[in-house]
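These notes are about the structure you will find just below.
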Amino acid sequence: MAPHLNIVPSMFVLLLLFISASKVQSDAFDVVAKFGAKADGKTDLSKPFLDAWKEACASVTPSTVMIPKGTYLLSKVNLEGPCKAPIEINVQGTIQAPADPSAFKDPNWVRFYSVENFKMFGGGIFDGQGSIAYEKNTYENREFRSKLPNIRFDFVTNALIQDITSKGSKLFHINVFACKNITLERLKIEALDESPNTDGIHMGKSEGVNIIASDIKTGDDCISIGDGTKNLVIKEITCGPGHGISIGSLGKFQNEEPVEGIKISNCTITNTSNGARIKTWPGEHGGAVSEIHFEDIIMNNVSSPILIDQQYCPWNKCKKNEESKVKLSNISFKNIRGTSALPEAIKFICSGSSPCQNVELADIDIKHNGAEPATSQCLNVKPITSGKLNPIPCSGPVPKTPSATA
């Protein structure tokens with residue numbers, strides 16, 4: 001039985017929470033007027049921001065931290081709960097990180113930790129100023145930078161993030177870890193298409209996440225879904241440039257938790273290397289992915305619009321001659337239409353030791369932008385098909401070399 005997707009109850013609870021909180025006169029904590037912050041782009045915001053947060057978090061009535069319009073330099077801030085009452089941050093200004101990644105001694109810039117009943121809104125911008133980090137991109141420093149997103153939400157429960165922009169991240173823009181019932185809505189995420197590893201939103205070990213009505217332009221996955229993600233709803237996303245919307249990569253590490261109950265719908269993906277993708281490493285470790293549903297998606301000039309890749313091998317650092325140990329089951333692609341940049345519009349490369357189970361294709365219409373017709377390739381899977389299908393399922397030969405794209 002499919003896990004229950006509880007988007008309506010969880011969003012309803014959040015809405016009631018913030019409506020009821022707004023009826024109470026909230027305490028306002030203005031970082032400029034009360035805590036001496038300067039919007040000059042040079043004076044560090046860290047202490048005023050943290051001092052305002054601590055006072056607001058200690059309030060027994062709902063409270064709001066205000067960051068007015070202007071440009072602020074922020075070296076780093078770690079905003080911890082639990083708080084005594086619902087808490088909001090109204091970000092109206094532009095907050096900039098130090099441009100040089102060597103300024104960071106640990107993998108955090110803006111981090112929310114162990115916070116419940118939280119809202120952030122206001123139309124403000126978090127600017128990671130990542131151009132120097134992109135220039136220094138090497139395989140050796142990628143591990144550290146992978147832990148330096150613009151915004152981290154760790155162990156956050158019952159949260160609403162609205163109308164916020166993240167740009168120029170040094171790596172992931174927004175990282176969601178071990179969160180429950182968190183909605184990200186009307187976000188703008190911006191990075192150059194050549195900026196490496198700048199996933200728009202990455203999550204793992206989280207349940208009840210909703211990502212809605214957001215515009216993501218980046219140099220890697222618009223949204224990447226890590227292990228332990230359950231009951232996730234993604235809808236009304238505009239993605240591109242980037243690498244599409246991806247489950248994974250999975251199977252790289254020991255003891256990864258199952259991914260289940262994912263619904264991705266009503267999205268438009270444009271000029272990306274991938275569209276709707278599931279990726280797992282060959283060899284390595286086991287895992288499970290189930291109840292994954294991509295529906296009502298438009299593809300515009302996408303290189304690989306529909307892709308299951310169980311030979312995922314970026315930077316050629318994998319066990320190329322081994323099969324993936326991650327089990328995939330109950331996966332559907334329905335009402336997906338548009339154009340592909342390459343002939344291979346659909347590619348299912350499943351594990352030989354654990355073939356994909358119950359993969360469904362329904363009402364697919366993807367045309368190749370070039371002279372050749374679109375094709376569909378299948379390895380170790382027999383998809384269930386219905387409705388109009390273009391290209392014809394499993395109509396092309398399958399390459400047996402691992403994928404080297406990220």
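Every chain in the structure tokens takes a letter, A first, then B, and so on in the order presented; its residues are numbered from 1, and the ligands are numbered from 1 following the presented order.
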query = Can you tell me, as a VMD selection string, what residues are no more than 7 Å from range 105-109 of chain A when counting only C-alpha atoms, ignoring any on the same chain fewer than 4 positions away?
reply = chain A and resid 76 to 77 147 to 148 150 to 151
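With CA of Gly70 in chain A on one side and CA of Ala39 in chain A on the other, the separation reads 5.1 Å.
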message = When you count only C-alpha atoms, which of these residues is closest to Lys42 in chain A: A:Val60, A:Ile67, A:Ile95, A:Ile211?
response = A:Ile95
inquiry  = Give me, as a list in words, the residues of range 71-218 of chain A that a backbone DSSP run labels alpha helix (DSSP H).
reply    = Ser131, Ile132, Ala133, Tyr134, Glu135, Tyr139, Glu140, Asn141, Arg142, Glu143, Phe144 and Arg145 of chain A
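Around Ala99 in chain A, within 12 Å and counting only C-alpha atoms, the residues found are Leu73, Leu74, Ser75, Ala103, Phe104, Trp109, Asp127, Gly128, Gln129, Gly130, Ser131, Ile132, Ala133, Tyr134, Glu135, Lys136, Gly168, Ser169 and Lys170 of chain A, once anything fewer than 4 positions away on its own chain is removed.
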key: Distance of CA of His173 in chain A from CA of Asp154 in chain A, expressed in Å to one decimal place   = 14.0 Å
ask   = Of the candidates A:Gly219, A:Gly228, A:Gly200, A:Pro98, which shows the shortest atom-to-atom distance to Thr165 in chain A, using only C-alpha atoms?
value = A:Gly200
query = Which residues in range 207-361 of chain A does DSSP call strand (DSSP E or B)? List them as a count of residues only.
reply = 102
